[in-house]
Structure formats: structure tokens, C-alpha cells
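Structure below is query.cif: mmCIF, C-alpha atoms.
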data_upload
#
loop_
_atom_site.label_atom_id
_atom_site.label_comp_id
_atom_site.auth_asym_id
_atom_site.auth_seq_id
_atom_site.Cartn_x
_atom_site.Cartn_y
_atom_site.Cartn_z
CA MET A 1 0.00 0.00 0.00
CA THR A 2 1.16 3.50 -0.78
CA ASP A 3 0.74 4.61 2.82
CA ASN A 4 3.57 2.26 3.81
CA ILE A 5 5.93 5.06 2.75
CA LEU A 6 4.44 7.29 5.40
CA LYS A 7 4.14 4.67 8.12
CA ALA A 8 7.80 3.72 7.63
CA LEU A 9 8.78 7.38 8.03
CA ILE A 10 6.70 7.72 11.19
CA ARG A 11 8.18 4.56 12.71
CA LYS A 12 11.75 5.64 12.05
CA THR A 13 11.23 9.21 13.24
CA GLU A 14 9.25 8.35 16.35
CA THR A 15 11.51 5.54 17.56
CA GLY A 16 14.91 6.52 16.17
CA LYS A 17 15.31 2.86 15.18
CA THR A 18 15.98 1.56 11.68
CA THR A 19 14.74 -2.03 11.72
CA PRO A 20 11.07 -3.01 12.12
CA ALA A 21 11.89 -5.48 14.91
CA GLU A 22 13.39 -2.65 16.96
CA GLN A 23 10.67 -0.17 16.06
CA TYR A 24 7.68 -2.29 17.05
CA GLY A 25 9.32 -3.31 20.32
CA THR A 26 10.17 0.22 21.48
CA ILE A 27 8.87 2.11 24.50
CA ILE A 28 9.60 5.73 25.27
CA GLY A 29 13.16 6.48 26.27
CA HIS A 30 14.36 3.22 24.70
CA ASN A 31 13.74 1.47 28.01
CA GLU A 32 12.38 -1.71 26.42
CA GLY A 33 15.52 -3.62 27.40
CA LYS A 34 14.61 -3.12 31.06
CA LEU A 35 11.26 -4.87 30.72
CA ALA A 36 10.63 -8.46 31.71
CA LYS A 37 8.37 -8.91 28.68
CA PRO A 38 8.61 -6.96 25.40
CA PRO A 39 5.69 -4.78 24.29
CA VAL A 40 4.86 -7.02 21.31
CA ALA A 41 4.33 -9.97 23.68
CA ARG A 42 1.90 -8.02 25.85
CA THR A 43 -1.79 -7.45 25.34
CA VAL A 44 -3.30 -4.05 24.69
CA GLY A 45 -4.74 -4.15 28.21
CA GLU A 46 -1.32 -4.90 29.66
CA ILE A 47 0.25 -1.99 27.76
CA ILE A 48 -2.41 0.38 29.07
CA ALA A 49 -2.00 -0.92 32.63
CA ALA A 50 1.80 -0.69 32.50
CA SER A 51 1.97 2.75 30.90
CA ASP A 52 1.87 4.85 34.07
CA GLY A 53 4.28 2.50 35.81
CA TRP A 54 6.80 2.91 33.00
CA ARG A 55 6.49 6.67 33.24
CA ASN A 56 7.11 6.63 36.98
CA ARG A 57 9.82 3.99 36.86
CA PHE A 58 11.86 5.52 34.06
CA GLY A 59 11.09 9.20 34.68
CA THR A 60 9.65 9.72 31.22
CA THR A 61 6.90 12.12 30.24
CA SER A 62 4.59 9.34 29.03
CA GLY A 63 4.40 5.59 28.64
CA ALA A 64 4.35 5.72 24.84
CA ALA A 65 4.80 2.30 23.27
CA GLY A 66 5.41 0.66 19.94
CA ALA A 67 6.56 1.72 16.53
CA TYR A 68 4.16 4.67 16.48
CA GLN A 69 4.81 5.67 20.10
CA ILE A 70 1.15 5.58 21.09
CA ILE A 71 0.42 7.16 24.45
CA LYS A 72 -2.08 5.77 26.95
CA PRO A 73 -5.06 8.11 26.20
CA THR A 74 -4.71 7.47 22.46
CA LEU A 75 -4.38 3.73 23.00
CA LYS A 76 -7.57 3.69 25.07
CA LEU A 77 -9.35 5.68 22.37
CA LEU A 78 -8.13 3.27 19.69
CA GLN A 79 -9.27 0.32 21.76
CA THR A 80 -12.80 1.72 21.66
CA LYS A 81 -12.74 2.78 18.00
CA LEU A 82 -11.37 -0.56 16.80
CA GLY A 83 -13.66 -2.61 19.02
CA LEU A 84 -10.83 -4.26 20.95
CA ASP A 85 -11.43 -5.95 24.29
CA GLY A 86 -7.87 -5.52 25.54
CA THR A 87 -6.82 -9.15 25.22
CA GLU A 88 -5.33 -8.66 21.74
CA LYS A 89 -1.54 -8.85 21.54
CA PHE A 90 0.25 -5.59 20.71
CA THR A 91 1.70 -7.14 17.57
CA PRO A 92 3.24 -5.29 14.63
CA GLU A 93 0.07 -6.03 12.66
CA LEU A 94 -2.16 -4.49 15.33
CA GLN A 95 0.17 -1.51 15.68
CA ASP A 96 -0.08 -0.92 11.93
CA ARG A 97 -3.85 -1.17 12.14
CA MET A 98 -3.83 1.45 14.88
CA ALA A 99 -1.59 3.70 12.79
CA ASP A 100 -4.00 3.32 9.86
CA GLU A 101 -6.83 4.51 12.10
CA LEU A 102 -4.83 7.51 13.29
CA LEU A 103 -3.83 8.41 9.72
CA ASP A 104 -7.41 8.12 8.56
CA THR A 105 -8.53 10.40 11.39
CA ARG A 106 -5.88 12.94 10.39
CA GLY A 107 -7.06 13.04 6.78
CA LEU A 108 -5.02 10.52 4.80
CA GLY A 109 -7.94 9.65 2.53
CA ALA A 110 -8.68 13.28 1.76
CA PHE A 111 -5.01 13.91 1.09
CA LEU A 112 -4.73 10.99 -1.33
CA ARG A 113 -7.85 12.24 -3.14
CA GLY A 114 -6.25 15.66 -3.46
CA THR A 115 -8.90 17.49 -1.46
CA ILE A 116 -6.43 18.77 1.15
CA THR A 117 -2.94 20.10 0.57
CA VAL A 118 0.44 18.71 1.53
CA GLU A 119 0.74 21.55 4.03
CA ALA A 120 -2.63 20.86 5.65
CA PHE A 121 -2.02 17.12 5.94
CA GLY A 122 1.53 17.65 7.19
CA ASN A 123 0.24 19.98 9.90
CA ALA A 124 -2.37 17.38 10.86
CA LEU A 125 0.35 14.73 11.20
CA ALA A 126 2.30 17.08 13.48
CA ARG A 127 -0.71 17.18 15.81
CA GLU A 128 -0.62 13.40 16.10
CA TRP A 129 3.13 12.74 16.24
CA ALA A 130 5.24 15.20 18.22
CA SER A 131 8.42 14.30 16.34
CA PHE A 132 6.92 15.71 13.12
CA PRO A 133 7.18 19.42 12.31
CA VAL A 134 4.44 21.78 11.23
CA LEU A 135 4.87 22.72 7.58
CA SER A 136 3.63 26.28 7.96
CA ILE A 137 3.15 28.87 10.69
CA SER A 138 0.63 27.40 13.12
CA ARG A 139 -0.89 28.22 16.47
CA ARG A 140 -1.30 26.06 19.56
CA GLY A 141 -3.43 28.13 21.88
CA GLU A 142 -1.53 31.37 22.36
CA THR A 143 1.74 29.89 21.11
CA VAL A 144 2.76 30.69 17.55
CA LEU A 145 4.80 27.93 15.93
CA LYS A 146 7.18 28.47 13.04
CA ARG A 147 7.58 26.07 10.15
CA GLY A 148 9.82 23.22 11.27
CA GLN A 149 8.80 23.25 14.93
CA SER A 150 6.94 20.42 16.61
CA TYR A 151 3.30 21.24 17.23
CA TYR A 152 4.10 20.27 20.83
CA ASP A 153 7.40 22.14 20.93
CA LYS A 154 8.73 22.37 24.49
CA VAL A 155 5.68 20.53 25.84
CA ALA A 156 7.00 17.62 27.93
CA GLY A 157 10.36 18.08 26.24
CA ASN A 158 9.07 17.53 22.72
CA SER A 159 10.75 18.87 19.58
CA ALA A 160 10.66 18.05 15.88
CA LEU A 161 13.07 15.29 14.90
CA ILE A 162 12.79 15.56 11.12
CA GLU A 163 13.08 18.40 8.63
CA PRO A 164 9.88 19.69 7.03
CA GLU A 165 11.38 19.24 3.56
CA VAL A 166 11.76 15.50 4.22
CA VAL A 167 8.13 15.23 5.28
CA GLU A 168 6.98 17.17 2.22
CA ALA A 169 9.01 14.99 -0.14
CA SER A 170 7.55 11.82 1.37
CA LEU A 171 4.00 13.15 1.16
CA LEU A 172 4.47 14.13 -2.48
CA GLN A 173 5.79 10.65 -3.21
CA LEU A 174 2.82 9.18 -1.39
CA ARG A 175 0.36 11.03 -3.62
CA ALA A 176 2.28 10.55 -6.87
CA PRO A 177 0.31 8.55 -9.44
CA SER A 178 1.40 4.97 -9.94
CA PRO A 179 3.31 4.32 -13.16
CA VAL A 180 1.29 2.82 -16.00
CA ALA A 181 1.88 -0.91 -16.36
CA VAL A 182 3.00 -1.66 -19.94
CA PRO A 183 2.32 -5.22 -21.18
CA SER A 184 5.51 -7.17 -21.81
CA TYR A 185 6.23 -8.54 -25.28
CA GLN A 186 9.01 -10.87 -26.29
CA PRO A 187 10.17 -11.66 -29.84
CA GLY A 188 8.50 -14.85 -31.00
CA ASP A 189 5.19 -14.23 -29.24
CA THR A 190 2.33 -15.30 -31.49
CA ASP A 191 0.15 -12.33 -30.67
CA GLU A 192 1.08 -8.72 -31.23
CA PRO A 193 1.08 -6.67 -28.04
CA THR A 194 -1.85 -4.38 -27.49
CA PRO A 195 -0.59 -0.84 -28.03
CA VAL A 196 -0.76 1.44 -25.03
CA VAL A 197 -2.74 4.54 -25.95
CA PRO A 198 -2.18 7.53 -23.69
CA VAL A 199 -5.31 8.90 -22.13
CA MET A 200 -5.87 12.55 -22.90
CA GLU A 201 -7.14 14.54 -19.96
#

Spit out the file's structure as C-alpha cells when you get a sec.
Amino acid sequence: MTDNILKALIRKTETGKTTPAEQYGTIIGHNEGKLAKPPVARTVGEIIAASDGWRNRFGTTSGAAGAYQIIKPTLKLLQTKLGLDGTEKFTPELQDRMADELLDTRGLGAFLRGTITVEAFGNALAREWASFPVLSISRRGETVLKRGQSYYDKVAGNSALIEPEVVEASLLQLRAPSPVAVPSYQPGDTDEPTPVVPVME
């Protein structure tokens, strides 16, 4: 799916890890190595229950977990929206499903249809993931944010961890039309290939 480009960027930026195995098993502050059981082996209910304990134990600002660094309130909201009972394992597949829901809520479908701009969608992503920058001057309450700042800049120590130009390039790639598939033809084929006629807009 085309949105894999974006999810891969979010995973890498949010976790600072390069391999999927590391990304899906991350908790905030890279404290996953101190846990008796990795996040992917826990249930959603266990992640929610452990979140505050991680925050207190490790002195972090949240108990964010997984490749998309989902915080407790968001995880509880996703549990309701996705109809989960809490016994589901926090697997990479479930984490991706949760990310899909968050992206949909932030306007991915509208962006892919071309009904909202790169700037608008980028700014929406920055409201969901603190490591992402706003792409234009924005306002959070009375605070004015410049392009390139996290929407949550200086809130709980947050700051943007990726340049706005990188986000823009990825979003443009995401919305780029797929190349036209041209039928293959090898010498000796009995049938002539069907010519590809360009469609005039």
C-alpha cells in the first residue's frame, strides 16, 4: 500500500530505530531492554495498565509504546474505536492497524484524493506525532509555531526530529500517481502486443 511510505517514516522518526523489529518493540526512552516482557508480547490491556508504571519507573513524560509511540489516552481511544477488548496482543500487525486509524482520522484519505494540501495534511500529522514538524506557521493556543517546529514544541520536552522538507518529499511521493503498467512482449510471441494509448485529460 502506498501509505507504507508514510508509516515507515513515522516509525523511524518516532523511535529513532531503523529495523522493524526494533521499532515495534520500542517504549519511550528506549527502556524496552529493562522490561521483563517486550511490548509485542503483551496485550493491549497490559500496555495500558503498564503505561503509568513505566512513566514513573523511568522518569519519562509518558508511557508511549510501539513503533508509532502511542500514548495511553490514544491507546484507550483506539481500543474503543477498533472494538478491541484488551486481550489482543500488541503485535506489529495491530500496531499498523492502529496507525491506519490515526492516519485516517488525520485526513489521509482526503489527502490521497487531493482534497487537502500537503501543508494541511503535514500539519495534521504534526498534531498526532510530536516528532513531526508543522509545515507552515501554526498556532497552539496562544503559542505561535514556526515552520519546522513540533506542534508540541517544548511541551513535555518535545521537539521536531525531522526536517519539514523530508516530510513534504515523502508526502508528495505518497500522492504521486502509480506508473502505468506496460504489457511485456518478447520476440517470438504469437500475438502482437496491445498498443498502449495515452489517455488525454

For this session: Compare A:Phe90, A:Glu128, A:Lys146, A:Ile116 by their minimum atom-to-atom distance to Leu102 of chain A, counting all atoms listed in the file, and give me the closest one.
Result: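 For Leu102 of chain A, the nearest of the given residues is A:Glu128.
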
Seminar exercise, completed: Across A:Leu174, A:Val44, A:Leu78, A:Ala130, the smallest distance to Lys154 of chain A, with only C-alpha atoms counted, is shown by A:Ala130

For this session: Kindly indicate which residue among A:Ser150, A:Ile71, A:Asp100, A:Glu93 lies nearest to Asp52 of chain A, using all atoms listed in the file for the distances.
Result: A:Ile71

For this session: Return the single residue from A:Asn123, A:Pro38, A:Lys72, A:Leu108 that is closest to Gly53 of chain A, with distances computed using only C-alpha atoms.
Result: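 Distance minimum relative to Gly53 of chain A lands on A:Lys72.
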
Problem set entry | Surrounding residues of Asn31 of chain A excluding itself and chain neighbours under 6 positions, 12 Å, only C-alpha atoms, as a ChimeraX atom specification | /A:15,22,25,37-39,54-55,57-60,63-66

Exercise. Could you write out as number ranges by chain the residues that the PyMOL selection byres ((chain A and resi 4) around 12) matches in the shown file?
Worked result: A: 1-3, 5-11, 96-97, 99-100, 103, 108, 170-171, 173-175
